[in-house]
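Heads up, coords-v7.pdb below (PDB, C-alpha atoms):
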ATOM      1  CA  MET A  18      -6.445 -14.794  19.841
ATOM      2  CA  LYS A  19      -5.796 -11.073  20.199
ATOM      3  CA  ILE A  20      -5.670  -8.491  17.411
ATOM      4  CA  ILE A  21      -3.211  -5.581  17.577
ATOM      5  CA  LEU A  22      -3.066  -2.803  14.967
ATOM      6  CA  HIS A  23       0.142  -0.913  14.169
ATOM      7  CA  PRO A  24      -0.213   2.112  11.844
ATOM      8  CA  PHE A  25       2.969   3.464  10.231
ATOM      9  CA  GLU A  26       3.938   6.227   7.808
ATOM     10  CA  LEU A  27       6.470   4.768   5.366
ATOM     11  CA  GLU A  28       8.994   7.274   4.011
ATOM     12  CA  LEU A  29      10.296   6.681   0.476
ATOM     13  CA  LYS A  30      13.869   7.161  -0.744
ATOM     14  CA  HIS A  31      12.618   9.182  -3.717
ATOM     15  CA  THR A  32       9.380  10.786  -4.835
ATOM     16  CA  PHE A  33       7.437   8.044  -6.607
ATOM     17  CA  THR A  34       5.364   9.082  -9.608
ATOM     18  CA  ILE A  35       2.996   7.130 -11.830
ATOM     19  CA  SER A  36       0.602   8.430 -14.489
ATOM     20  CA  ARG A  37      -2.054   9.517 -11.971
ATOM     21  CA  GLN A  38      -0.220  10.523  -8.765
ATOM     22  CA  SER A  39       3.039  11.275  -6.909
ATOM     23  CA  PHE A  40       3.909  10.621  -3.278
ATOM     24  CA  ASN A  41       6.825  10.754  -0.832
ATOM     25  CA  THR A  42       5.256   8.792   2.018
ATOM     26  CA  LYS A  43       2.781   5.946   2.226
ATOM     27  CA  PRO A  44       0.544   5.196   5.223
ATOM     28  CA  THR A  45       0.367   1.499   6.020
ATOM     29  CA  LEU A  46      -1.377  -0.691   8.575
ATOM     30  CA  ILE A  47       0.285  -3.731  10.144
ATOM     31  CA  VAL A  48      -2.142  -6.268  11.612
ATOM     32  CA  GLU A  49      -0.788  -8.524  14.347
ATOM     33  CA  LEU A  50      -2.711 -11.631  15.364
ATOM     34  CA  LYS A  51      -1.341 -12.914  18.665
ATOM     35  CA  ASP A  52      -2.114 -16.356  20.082
ATOM     36  CA  GLY A  53      -0.118 -17.235  23.173
ATOM     37  CA  ASN A  54       3.572 -16.624  22.509
ATOM     38  CA  LEU A  55       3.183 -16.570  18.729
ATOM     39  CA  SER A  56       2.238 -13.632  16.489
ATOM     40  CA  GLY A  57       1.403 -13.465  12.805
ATOM     41  CA  TYR A  58       1.752 -10.265  10.791
ATOM     42  CA  GLY A  59      -0.125  -8.875   7.800
ATOM     43  CA  GLU A  60      -0.155  -5.536   6.021
ATOM     44  CA  ALA A  61      -2.140  -3.291   3.714
ATOM     45  CA  SER A  62      -1.138   0.230   2.720
ATOM     46  CA  ALA A  63      -3.613   3.048   2.140
ATOM     47  CA  ASN A  64      -4.565   3.821  -1.456
ATOM     48  CA  PRO A  65      -6.695   6.829  -2.511
ATOM     49  CA  TYR A  66      -7.288   5.372  -6.009
ATOM     50  CA  TYR A  67      -9.246   2.550  -4.364
ATOM     51  CA  GLY A  68     -10.728   4.740  -1.616
ATOM     52  CA  ILE A  69      -8.804   3.030   1.173
ATOM     53  CA  SER A  70      -7.441   4.888   4.201
ATOM     54  CA  ILE A  71      -5.851   3.681   7.445
ATOM     55  CA  GLU A  72      -8.917   4.959   9.279
ATOM     56  CA  LYS A  73     -11.296   2.949   7.108
ATOM     57  CA  MET A  74      -9.278  -0.244   7.473
ATOM     58  CA  THR A  75      -9.002   0.229  11.237
ATOM     59  CA  ARG A  76     -12.723   0.874  11.622
ATOM     60  CA  ASP A  77     -13.750  -2.118   9.528
ATOM     61  CA  ILE A  78     -11.339  -4.473  11.283
ATOM     62  CA  ILE A  79     -12.463  -3.358  14.748
ATOM     63  CA  ASN A  80     -16.065  -3.991  13.704
ATOM     64  CA  CYS A  81     -15.066  -7.635  13.102
ATOM     65  CA  GLN A  82     -12.958  -7.962  16.238
ATOM     66  CA  SER A  83     -15.118 -10.540  18.013
ATOM     67  CA  THR A  84     -15.290 -12.798  14.943
ATOM     68  CA  ILE A  85     -11.537 -12.488  14.395
ATOM     69  CA  GLU A  86     -10.526 -13.217  17.969
ATOM     70  CA  HIS A  87     -12.653 -16.382  18.103
ATOM     71  CA  SER A  88     -11.142 -17.888  14.928
ATOM     72  CA  ASN A  89      -7.781 -19.224  16.109
ATOM     73  CA  LYS A  90      -8.638 -22.894  15.516
ATOM     74  CA  GLU A  91      -9.514 -22.541  11.804
ATOM     75  CA  THR A  92      -7.552 -22.977   8.607
ATOM     76  CA  PRO A  93      -6.620 -19.812   6.675
ATOM     77  CA  GLU A  94      -9.168 -20.729   4.007
ATOM     78  CA  ASP A  95     -11.970 -21.074   6.565
ATOM     79  CA  PHE A  96     -10.873 -17.853   8.277
ATOM     80  CA  TRP A  97     -11.050 -15.967   4.961
ATOM     81  CA  LYS A  98     -14.436 -17.487   4.134
ATOM     82  CA  LYS A  99     -15.833 -16.403   7.499
ATOM     83  CA  LEU A 100     -14.553 -12.819   7.170
ATOM     84  CA  TYR A 101     -15.331 -12.229   3.507
ATOM     85  CA  PRO A 102     -19.054 -11.405   4.040
ATOM     86  CA  LEU A 103     -18.042  -8.858   6.677
ATOM     87  CA  LEU A 104     -15.219  -7.244   4.692
ATOM     88  CA  LYS A 105     -16.168  -7.735   1.042
ATOM     89  CA  ASP A 106     -16.275  -3.953   0.630
ATOM     90  CA  ASN A 107     -12.773  -3.566   2.063
ATOM     91  CA  MET A 108     -10.468  -6.123   0.487
ATOM     92  CA  PHE A 109      -7.401  -4.256   1.763
ATOM     93  CA  ALA A 110      -8.414  -4.918   5.374
ATOM     94  CA  LEU A 111      -9.293  -8.513   4.520
ATOM     95  CA  CYS A 112      -5.857  -8.902   2.920
ATOM     96  CA  ALA A 113      -4.003  -7.692   6.014
ATOM     97  CA  LEU A 114      -5.944 -10.135   8.178
ATOM     98  CA  ASP A 115      -5.466 -13.002   5.738
ATOM     99  CA  LEU A 116      -1.691 -12.477   5.596
ATOM    100  CA  ALA A 117      -1.471 -12.304   9.376
ATOM    101  CA  PHE A 118      -3.531 -15.472   9.801
ATOM    102  CA  HIS A 119      -1.413 -17.378   7.240
ATOM    103  CA  ASP A 120       1.715 -16.245   9.066
ATOM    104  CA  LEU A 121       0.396 -17.320  12.458
ATOM    105  CA  TYR A 122      -0.987 -20.627  11.135
ATOM    106  CA  ALA A 123       2.340 -21.634   9.543
ATOM    107  CA  ARG A 124       4.292 -20.587  12.657
ATOM    108  CA  LYS A 125       2.053 -22.855  14.716
ATOM    109  CA  LYS A 126       2.975 -25.675  12.315
ATOM    110  CA  ASP A 127       6.668 -24.733  12.774
ATOM    111  CA  LYS A 128       7.083 -24.293   9.021
ATOM    112  CA  LYS A 129       7.627 -21.639   6.414
ATOM    113  CA  LEU A 130       4.422 -21.033   4.492
ATOM    114  CA  VAL A 131       5.902 -22.096   1.152
ATOM    115  CA  ASP A 132       6.938 -25.427   2.723
ATOM    116  CA  LEU A 133       3.525 -25.863   4.305
ATOM    117  CA  TRP A 134       2.064 -25.465   0.806
ATOM    118  CA  ASN A 135       4.625 -28.009  -0.473
ATOM    119  CA  LEU A 136       5.758 -25.770  -3.347
ATOM    120  CA  ASP A 137       9.040 -26.157  -5.236
ATOM    121  CA  THR A 138      11.113 -22.959  -4.996
ATOM    122  CA  SER A 139      13.938 -24.067  -7.301
ATOM    123  CA  GLN A 140      12.622 -22.168 -10.341
ATOM    124  CA  ASN A 141      11.414 -18.982  -8.661
ATOM    125  CA  PRO A 142      11.347 -15.912 -10.931
ATOM    126  CA  MET A 143      13.447 -12.842 -10.146
ATOM    127  CA  THR A 144      11.740  -9.617  -9.178
ATOM    128  CA  ASN A 145      12.037  -6.393 -11.129
ATOM    129  CA  TYR A 146      12.905  -3.000  -9.632
ATOM    130  CA  THR A 147      10.486  -0.176 -10.415
ATOM    131  CA  ILE A 148      11.557   3.198 -11.821
ATOM    132  CA  GLY A 149       8.844   5.831 -11.341
ATOM    133  CA  ILE A 150       8.168   8.654 -13.781
ATOM    134  CA  ASP A 151      10.760  11.428 -13.465
ATOM    135  CA  SER A 152      13.213  13.360 -15.567
ATOM    136  CA  VAL A 153      15.274  11.003 -17.723
ATOM    137  CA  GLU A 154      18.405  12.035 -15.844
ATOM    138  CA  LYS A 155      16.878  11.070 -12.493
ATOM    139  CA  MET A 156      15.496   7.804 -13.894
ATOM    140  CA  VAL A 157      18.977   6.905 -15.148
ATOM    141  CA  ASN A 158      20.440   7.766 -11.745
ATOM    142  CA  LYS A 159      17.906   5.505 -10.034
ATOM    143  CA  MET A 160      18.991   2.602 -12.260
ATOM    144  CA  LYS A 161      22.629   3.284 -11.427
ATOM    145  CA  GLU A 162      21.764   3.459  -7.723
ATOM    146  CA  MET A 163      20.031   0.051  -7.884
ATOM    147  CA  PRO A 164      21.640  -2.226 -10.523
ATOM    148  CA  PHE A 165      19.057  -4.862 -11.409
ATOM    149  CA  PRO A 166      18.633  -7.468 -14.171
ATOM    150  CA  ILE A 167      14.981  -6.420 -14.671
ATOM    151  CA  TYR A 168      13.377  -2.976 -14.443
ATOM    152  CA  LYS A 169       9.742  -1.996 -14.564
ATOM    153  CA  ILE A 170       9.489   1.496 -16.014
ATOM    154  CA  LYS A 171       6.449   3.598 -15.172
ATOM    155  CA  LEU A 172       5.119   5.455 -18.217
ATOM    156  CA  GLY A 173       2.070   7.475 -19.219
ATOM    157  CA  THR A 174       3.662  10.698 -20.476
ATOM    158  CA  SER A 175       3.904  12.403 -23.858
ATOM    159  CA  GLU A 176       7.576  11.342 -24.062
ATOM    160  CA  ASP A 177       7.322   7.635 -23.289
ATOM    161  CA  LEU A 178       9.261   6.280 -26.261
ATOM    162  CA  LYS A 179      11.993   8.871 -25.779
ATOM    163  CA  ILE A 180      12.269   7.822 -22.131
ATOM    164  CA  ILE A 181      12.752   4.134 -22.956
ATOM    165  CA  THR A 182      15.139   4.945 -25.814
ATOM    166  CA  GLU A 183      17.329   6.987 -23.476
ATOM    167  CA  LEU A 184      17.194   4.473 -20.608
ATOM    168  CA  ARG A 185      18.197   1.699 -22.973
ATOM    169  CA  LYS A 186      21.470   3.533 -23.641
ATOM    170  CA  HIS A 187      22.418   3.002 -19.993
ATOM    171  CA  SER A 188      21.336  -0.588 -19.355
ATOM    172  CA  ASP A 189      21.034  -3.952 -21.105
ATOM    173  CA  ALA A 190      18.588  -5.182 -18.430
ATOM    174  CA  ILE A 191      15.144  -6.537 -19.296
ATOM    175  CA  PHE A 192      12.611  -3.699 -19.395
ATOM    176  CA  ARG A 193       8.934  -3.987 -18.555
ATOM    177  CA  VAL A 194       6.689  -0.956 -18.939
ATOM    178  CA  ASP A 195       3.576   0.026 -16.997
ATOM    179  CA  ALA A 196       1.378   2.815 -18.345
ATOM    180  CA  ASN A 197      -1.111   2.666 -15.439
ATOM    181  CA  CYS A 198      -4.119   3.273 -17.733
ATOM    182  CA  GLY A 199      -2.384   6.217 -19.423
ATOM    183  CA  TRP A 200      -2.522   5.216 -23.129
ATOM    184  CA  THR A 201      -5.095   4.874 -25.901
ATOM    185  CA  VAL A 202      -5.679   1.790 -28.053
ATOM    186  CA  ASP A 203      -3.844   3.130 -31.100
ATOM    187  CA  GLU A 204      -1.040   4.495 -28.955
ATOM    188  CA  THR A 205      -0.543   1.110 -27.307
ATOM    189  CA  ILE A 206      -0.447  -0.835 -30.564
ATOM    190  CA  LYS A 207       1.985   1.657 -32.094
ATOM    191  CA  ASN A 208       4.176   1.893 -28.990
ATOM    192  CA  ALA A 209       4.400  -1.892 -28.719
ATOM    193  CA  VAL A 210       6.251  -2.093 -32.045
ATOM    194  CA  ALA A 211       8.851   0.444 -30.969
ATOM    195  CA  LEU A 212       9.154  -0.962 -27.455
ATOM    196  CA  GLN A 213       9.709  -4.483 -28.724
ATOM    197  CA  LYS A 214      12.730  -3.228 -30.659
ATOM    198  CA  LEU A 215      13.998  -1.612 -27.457
ATOM    199  CA  GLY A 216      13.989  -4.888 -25.554
ATOM    200  CA  VAL A 217      10.755  -4.478 -23.617
ATOM    201  CA  GLU A 218       9.305  -7.762 -22.335
ATOM    202  CA  PHE A 219       5.662  -6.761 -21.858
ATOM    203  CA  ILE A 220       3.284  -3.844 -21.360
ATOM    204  CA  GLU A 221       1.238  -3.608 -18.186
ATOM    205  CA  GLN A 222      -2.238  -2.034 -18.099
ATOM    206  CA  PRO A 223      -2.023   0.470 -20.978
ATOM    207  CA  LEU A 224      -5.748   1.346 -21.064
ATOM    208  CA  LYS A 225      -8.362   2.413 -18.541
ATOM    209  CA  ALA A 226      -9.500  -0.537 -16.437
ATOM    210  CA  ASP A 227     -13.054  -0.802 -17.851
ATOM    211  CA  ASP A 228     -12.218  -0.326 -21.562
ATOM    212  CA  TRP A 229     -12.932  -3.951 -22.462
ATOM    213  CA  ASN A 230     -13.457  -3.287 -26.172
ATOM    214  CA  GLY A 231     -10.133  -1.502 -26.222
ATOM    215  CA  HIS A 232      -8.428  -4.322 -24.306
ATOM    216  CA  LYS A 233      -9.711  -6.821 -26.862
ATOM    217  CA  LYS A 234      -8.370  -4.798 -29.775
ATOM    218  CA  VAL A 235      -4.978  -4.358 -28.151
ATOM    219  CA  PHE A 236      -4.843  -8.053 -27.222
ATOM    220  CA  GLU A 237      -5.450  -9.025 -30.831
ATOM    221  CA  ASN A 238      -3.011  -6.532 -32.384
ATOM    222  CA  SER A 239      -0.125  -5.928 -29.988
ATOM    223  CA  VAL A 240       3.273  -7.423 -30.826
ATOM    224  CA  LEU A 241       4.049  -7.460 -27.085
ATOM    225  CA  PRO A 242       2.191  -9.332 -24.335
ATOM    226  CA  ILE A 243      -0.293  -7.213 -22.385
ATOM    227  CA  ILE A 244      -0.626  -7.802 -18.639
ATOM    228  CA  ALA A 245      -3.730  -6.724 -16.690
ATOM    229  CA  ASP A 246      -3.386  -4.867 -13.398
ATOM    230  CA  GLU A 247      -6.170  -2.384 -12.678
ATOM    231  CA  SER A 248      -8.481  -4.590 -14.793
ATOM    232  CA  CYS A 249      -7.774  -7.618 -12.600
ATOM    233  CA  GLN A 250      -8.691  -6.969  -8.986
ATOM    234  CA  ILE A 251     -10.827  -9.851  -7.697
ATOM    235  CA  GLU A 252     -11.415 -13.508  -8.567
ATOM    236  CA  ALA A 253     -14.278 -12.787 -10.959
ATOM    237  CA  ASP A 254     -11.923 -10.661 -13.079
ATOM    238  CA  ILE A 255      -9.799 -13.606 -14.253
ATOM    239  CA  ILE A 256     -12.470 -14.860 -16.653
ATOM    240  CA  LYS A 257     -13.094 -11.279 -17.813
ATOM    241  CA  CYS A 258      -9.377 -10.866 -18.610
ATOM    242  CA  PHE A 259      -9.243 -14.117 -20.583
ATOM    243  CA  GLN A 260      -8.712 -13.307 -24.292
ATOM    244  CA  HIS A 261      -8.424  -9.624 -23.402
ATOM    245  CA  PHE A 262      -4.958  -9.872 -21.820
ATOM    246  CA  HIS A 263      -2.046 -12.252 -22.166
ATOM    247  CA  GLY A 264      -1.525 -12.375 -18.432
ATOM    248  CA  VAL A 265      -2.650 -10.981 -15.090
ATOM    249  CA  ASN A 266      -0.849  -9.087 -12.332
ATOM    250  CA  ILE A 267      -2.557  -9.945  -9.044
ATOM    251  CA  LYS A 268      -2.219  -7.598  -6.075
ATOM    252  CA  LEU A 269      -2.889  -9.157  -2.687
ATOM    253  CA  VAL A 270      -4.561  -6.047  -1.275
ATOM    254  CA  LYS A 271      -6.991  -5.797  -4.172
ATOM    255  CA  CYS A 272      -8.135  -9.429  -4.147
ATOM    256  CA  GLY A 273      -8.178  -9.887  -0.369
ATOM    257  CA  GLY A 274      -4.967 -11.736   0.448
ATOM    258  CA  LEU A 275      -3.085 -14.956  -0.216
ATOM    259  CA  THR A 276      -6.173 -17.167  -0.080
ATOM    260  CA  PRO A 277      -7.924 -15.734  -3.168
ATOM    261  CA  ALA A 278      -4.615 -14.918  -4.885
ATOM    262  CA  LYS A 279      -3.691 -18.609  -4.992
ATOM    263  CA  ARG A 280      -7.056 -19.483  -6.498
ATOM    264  CA  MET A 281      -6.698 -16.720  -9.090
ATOM    265  CA  LEU A 282      -3.216 -17.882 -10.084
ATOM    266  CA  TYR A 283      -4.334 -21.473 -10.589
ATOM    267  CA  GLN A 284      -7.327 -20.291 -12.621
ATOM    268  CA  ALA A 285      -5.147 -18.087 -14.818
ATOM    269  CA  LYS A 286      -2.843 -21.044 -15.437
ATOM    270  CA  GLU A 287      -5.825 -23.118 -16.553
ATOM    271  CA  PHE A 288      -6.489 -20.416 -19.186
ATOM    272  CA  ASN A 289      -2.806 -20.500 -20.243
ATOM    273  CA  MET A 290      -2.359 -16.915 -19.126
ATOM    274  CA  LYS A 291       0.910 -15.604 -17.742
ATOM    275  CA  THR A 292       0.886 -15.185 -13.971
ATOM    276  CA  MET A 293       2.327 -12.296 -12.006
ATOM    277  CA  VAL A 294       1.984 -10.863  -8.525
ATOM    278  CA  GLY A 295       2.727  -7.217  -7.882
ATOM    279  CA  CYS A 296       3.064  -5.059  -4.828
ATOM    280  CA  MET A 297       2.142  -1.620  -3.640
ATOM    281  CA  THR A 298       4.558   0.562  -1.690
ATOM    282  CA  GLU A 299       4.738  -1.702   1.342
ATOM    283  CA  SER A 300       7.120  -2.892   4.021
ATOM    284  CA  SER A 301       8.786  -6.290   4.216
ATOM    285  CA  VAL A 302       5.676  -7.623   5.983
ATOM    286  CA  ALA A 303       3.601  -7.641   2.778
ATOM    287  CA  ILE A 304       6.577  -8.264   0.485
ATOM    288  CA  SER A 305       7.608 -11.389   2.414
ATOM    289  CA  SER A 306       4.088 -12.786   2.006
ATOM    290  CA  ILE A 307       4.372 -12.477  -1.789
ATOM    291  CA  ALA A 308       7.543 -14.588  -1.744
ATOM    292  CA  HIS A 309       5.584 -17.729  -0.884
ATOM    293  CA  LEU A 310       3.650 -17.454  -4.156
ATOM    294  CA  LEU A 311       6.818 -17.300  -6.296
ATOM    295  CA  PRO A 312       6.676 -20.950  -7.438
ATOM    296  CA  LEU A 313       3.299 -20.188  -9.077
ATOM    297  CA  LEU A 314       4.519 -17.137 -11.012
ATOM    298  CA  ASP A 315       6.019 -16.264 -14.383
ATOM    299  CA  TYR A 316       6.818 -12.699 -13.288
ATOM    300  CA  VAL A 317       6.924 -10.850 -10.002
ATOM    301  CA  ASP A 318       7.121  -7.233  -8.888
ATOM    302  CA  MET A 319       7.960  -7.284  -5.172
ATOM    303  CA  ASP A 320      10.328  -4.361  -4.765
ATOM    304  CA  GLY A 321       8.062  -2.229  -2.550
ATOM    305  CA  ALA A 322      10.279  -2.384   0.533
ATOM    306  CA  LEU A 323      13.366  -1.512  -1.523
ATOM    307  CA  LEU A 324      11.780   1.859  -2.303
ATOM    308  CA  LEU A 325      11.639   2.780   1.397
ATOM    309  CA  LYS A 326      14.097   4.982   3.253
ATOM    310  CA  ASN A 327      13.613   2.848   6.370
ATOM    311  CA  ASP A 328      11.831  -0.502   6.489
ATOM    312  CA  ILE A 329       9.695  -1.283   9.537
ATOM    313  CA  ALA A 330      10.283  -5.027   9.344
ATOM    314  CA  GLU A 331      12.805  -7.711   8.481
ATOM    315  CA  GLY A 332      11.881 -10.495   6.110
ATOM    316  CA  VAL A 333      12.882 -11.801   2.712
ATOM    317  CA  LYS A 334      16.075 -10.402   1.202
ATOM    318  CA  ILE A 335      16.349  -9.304  -2.414
ATOM    319  CA  GLU A 336      19.782  -9.242  -4.031
ATOM    320  CA  LYS A 337      19.872  -8.038  -7.640
ATOM    321  CA  GLY A 338      16.460  -9.518  -8.299
ATOM    322  CA  ILE A 339      16.991 -12.828  -6.523
ATOM    323  CA  VAL A 340      14.619 -13.410  -3.614
ATOM    324  CA  LYS A 341      16.040 -15.165  -0.571
ATOM    325  CA  TYR A 342      13.666 -16.505   2.040
ATOM    326  CA  SER A 343      13.954 -15.584   5.694
ATOM    327  CA  THR A 344      14.960 -18.228   8.230
ATOM    328  CA  ILE A 345      11.874 -17.266  10.259
ATOM    329  CA  ASN A 346       8.840 -19.562   9.982
ATOM    330  CA  GLY A 347       5.452 -18.455   8.682
ATOM    331  CA  ASN A 348       5.669 -15.635   6.174
ATOM    332  CA  GLY A 349       9.179 -14.975   7.457
ATOM    333  CA  VAL A 350       8.863 -11.554   9.056
ATOM    334  CA  LYS A 351       9.947  -9.751  12.193
ATOM    335  CA  LEU A 352       8.303  -6.430  12.969
ATOM    336  CA  LEU A 353      10.739  -3.722  14.122
ATOM    337  CA  LEU A 354       8.830  -1.812  16.769
ATOM    338  CA  ASN A 355      10.318   1.286  18.402
TER     339      ASN A 355
END
Kindly transcribe the structure held in the file into structure tokens.
Amino acid sequence: MKIILHPFELELKHTFTISRQSFNTKPTLIVELKDGNLSGYGEASANPYYGISIEKMTRDIINCQSTIEHSNKETPEDFWKKLYPLLKDNMFALCALDLAFHDLYARKKDKKLVDLWNLDTSQNPMTNYTIGIDSVEKMVNKMKEMPFPIYKIKLGTSEDLKIITELRKHSDAIFRVDANCGWTVDETIKNAVALQKLGVEFIEQPLKADDWNGHKKVFENSVLPIIADESCQIEADIIKCFQHFHGVNIKLVKCGGLTPAKRMLYQAKEFNMKTMVGCMTESSVAISSIAHLLPLLDYVDMDGALLLKNDIAEGVKIEKGIVKYSTINGNGVKLLLN
């Protein structure tokens, strides 16, 4: 098995702003695992909040090259278990490798990954479309540009309730809000009352990730469900989030790929917590991988490729929130190389 790395700079349609940063481009790394005539593809984008760069991922993957290239006969679970001790300090790199190995493994079986897992796709949830922080006028224009049944609205400003009030005038879609650690306890509890009246479904990560006393207070007093994101990164965080959040949003890059994500989702279900998978700003390589987890989810945020000016891959299609699987086996992706 041969490993090939493809770095890209993804250009966004619009400046994307959350409570802690803005960006117009996003560096991403595509990992290709090639065995004979078949290739599997995985992806992880750089993220300064988590200290991850393309250079760091490349360096750490190359350091594991011999182990990776001698692992073509293993299951994805065994592959992940072998690489975890080597990459436990770089879950983004581990994620890209895990996605690529799942893709290759399912292609070898001549099946789509979701069929290999024997999951029922008939009740898959629809994805939301994310509206980053901007002027209200531009946020409204973004909704008009992309009519969707569900929007996730990024918040964390001094005008959050005014923003949602104004956006509600222009859409009867379901709203979800994500403060990205930008609120206080009292602010969250108070905002939840107003947001519930404005048709908001849930609040994602209102407080700083490590404010567990605050999370507990919000959990016990909020009239809206609270979903963990920054507070739920790896498998050990599920038990920590229990009775501090009503649900968890799992990101593949943060937990290390599909292998641990599946375990985390099943564990969350055992605790009767709502399950969600989210994305970063990524191409259809990573987004198509998420699609195979849809039967295990209550909510999903997999719009990352829709935010791009030009995608670097073909994969799942999203039409007004409905996710349609690719006809390609594995994770369902085709990399578009120049």
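Reported to one decimal place, the separation of atom CA of Ile243 of chain A from atom CA of Gly264 of chain A is 6.6 Å.
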Test item: the PyMOL selection byres ((chain A and resi 208) around 10) resolved as a PyMOL selection string: chain A and resi 177-178+200+202-207+209-213+220+239-241
query: Which is closest to Asp115 of chain A among A:Glu218, A:Asp151, A:Glu49, A:Asp132, if we use all atoms listed in the file?
result: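 That would be A:Glu49, the residue with the smallest distance to Asp115 of chain A.
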task: Could you tell me how far atom CA of Arg124 of chain A lies from atom CA of Asn346 of chain A, in Å and to one decimal?
output: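 These two atoms are separated by 5.4 Å.
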task: Find the residues around Asn197 of chain A up to 8 Å (only C-alpha atoms counted), leave out those fewer than 4 positions away in its own chain, and share them as a list in words.
output: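 Listing them by chain and then by number gives Ile35, Ser36, Arg37, Lys171, Leu172, Gly173, Glu221, Gln222, Pro223, Leu224, Lys225 and Glu247 of chain A.
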Excluding Phe165 of chain A and any residue of its chain fewer than 3 positions from it, enumerate the residues within 10 Å of it, using all atoms listed in the file, and give them as a PDB file with C-alpha atoms, in the coordinates of the input.
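Now in part_4.pdb:
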ATOM      1  CA  MET A 143      13.447 -12.842 -10.146  1.00  0.00           C
ATOM      2  CA  THR A 144      11.740  -9.617  -9.178  1.00  0.00           C
ATOM      3  CA  ASN A 145      12.037  -6.393 -11.129  1.00  0.00           C
ATOM      4  CA  TYR A 146      12.905  -3.000  -9.632  1.00  0.00           C
ATOM      5  CA  THR A 147      10.486  -0.176 -10.415  1.00  0.00           C
ATOM      6  CA  MET A 160      18.991   2.602 -12.260  1.00  0.00           C
ATOM      7  CA  LYS A 161      22.629   3.284 -11.427  1.00  0.00           C
ATOM      8  CA  GLU A 162      21.764   3.459  -7.723  1.00  0.00           C
ATOM      9  CA  TYR A 168      13.377  -2.976 -14.443  1.00  0.00           C
ATOM     10  CA  SER A 188      21.336  -0.588 -19.355  1.00  0.00           C
ATOM     11  CA  ASP A 189      21.034  -3.952 -21.105  1.00  0.00           C
ATOM     12  CA  ALA A 190      18.588  -5.182 -18.430  1.00  0.00           C
ATOM     13  CA  ILE A 191      15.144  -6.537 -19.296  1.00  0.00           C
ATOM     14  CA  GLU A 336      19.782  -9.242  -4.031  1.00  0.00           C
ATOM     15  CA  LYS A 337      19.872  -8.038  -7.640  1.00  0.00           C
ATOM     16  CA  GLY A 338      16.460  -9.518  -8.299  1.00  0.00           C
ATOM     17  CA  ILE A 339      16.991 -12.828  -6.523  1.00  0.00           C
TER      18      ILE A 339
END
- prompt: Between atom CA of Ile150 of chain A and atom CA of His187 of chain A, what is the distance, to one decimal in Å?
  reply: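 Atom CA of His187 of chain A lies at a distance of 16.5 Å from atom CA of Ile150 of chain A.
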Just say which residues the PyMOL selection byres ((chain A and resi 78-80) around 12) picks in this file, as an mmCIF file with C-alpha atoms, in the frame of the given file.
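Writing the result to part-v8.cif gives the following:
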data_model
loop_
_atom_site.group_PDB
_atom_site.id
_atom_site.type_symbol
_atom_site.label_atom_id
_atom_site.label_comp_id
_atom_site.auth_asym_id
_atom_site.auth_seq_id
_atom_site.Cartn_x
_atom_site.Cartn_y
_atom_site.Cartn_z
ATOM 1 C CA LYS A 19 -5.796 -11.073 20.199
ATOM 2 C CA ILE A 20 -5.670 -8.491 17.411
ATOM 3 C CA ILE A 21 -3.211 -5.581 17.577
ATOM 4 C CA LEU A 22 -3.066 -2.803 14.967
ATOM 5 C CA LEU A 46 -1.377 -0.691 8.575
ATOM 6 C CA ILE A 47 0.285 -3.731 10.144
ATOM 7 C CA VAL A 48 -2.142 -6.268 11.612
ATOM 8 C CA GLU A 49 -0.788 -8.524 14.347
ATOM 9 C CA LEU A 50 -2.711 -11.631 15.364
ATOM 10 C CA ALA A 61 -2.140 -3.291 3.714
ATOM 11 C CA ILE A 71 -5.851 3.681 7.445
ATOM 12 C CA GLU A 72 -8.917 4.959 9.279
ATOM 13 C CA LYS A 73 -11.296 2.949 7.108
ATOM 14 C CA MET A 74 -9.278 -0.244 7.473
ATOM 15 C CA THR A 75 -9.002 0.229 11.237
ATOM 16 C CA ARG A 76 -12.723 0.874 11.622
ATOM 17 C CA ASP A 77 -13.750 -2.118 9.528
ATOM 18 C CA CYS A 81 -15.066 -7.635 13.102
ATOM 19 C CA GLN A 82 -12.958 -7.962 16.238
ATOM 20 C CA SER A 83 -15.118 -10.540 18.013
ATOM 21 C CA THR A 84 -15.290 -12.798 14.943
ATOM 22 C CA ILE A 85 -11.537 -12.488 14.395
ATOM 23 C CA GLU A 86 -10.526 -13.217 17.969
ATOM 24 C CA LEU A 100 -14.553 -12.819 7.170
ATOM 25 C CA TYR A 101 -15.331 -12.229 3.507
ATOM 26 C CA LEU A 103 -18.042 -8.858 6.677
ATOM 27 C CA LEU A 104 -15.219 -7.244 4.692
ATOM 28 C CA LYS A 105 -16.168 -7.735 1.042
ATOM 29 C CA ASP A 106 -16.275 -3.953 0.630
ATOM 30 C CA ASN A 107 -12.773 -3.566 2.063
ATOM 31 C CA MET A 108 -10.468 -6.123 0.487
ATOM 32 C CA PHE A 109 -7.401 -4.256 1.763
ATOM 33 C CA ALA A 110 -8.414 -4.918 5.374
ATOM 34 C CA LEU A 111 -9.293 -8.513 4.520
ATOM 35 C CA CYS A 112 -5.857 -8.902 2.920
ATOM 36 C CA ALA A 113 -4.003 -7.692 6.014
ATOM 37 C CA LEU A 114 -5.944 -10.135 8.178
ATOM 38 C CA ASP A 115 -5.466 -13.002 5.738
#
message: Please list as a list in words every residue within 8 Å of segment 299-301 of chain A, counting only C-alpha atoms and excluding residues in the same chain fewer than 6 positions away.
response: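 So the residues in contact are Leu27, Lys43, Thr45, Glu60, Ala61, Ser62, Gly321, Ala322, Leu325, Asp328, Ile329, Ala330, Glu331, Gly332, Val333 and Val350 of chain A.
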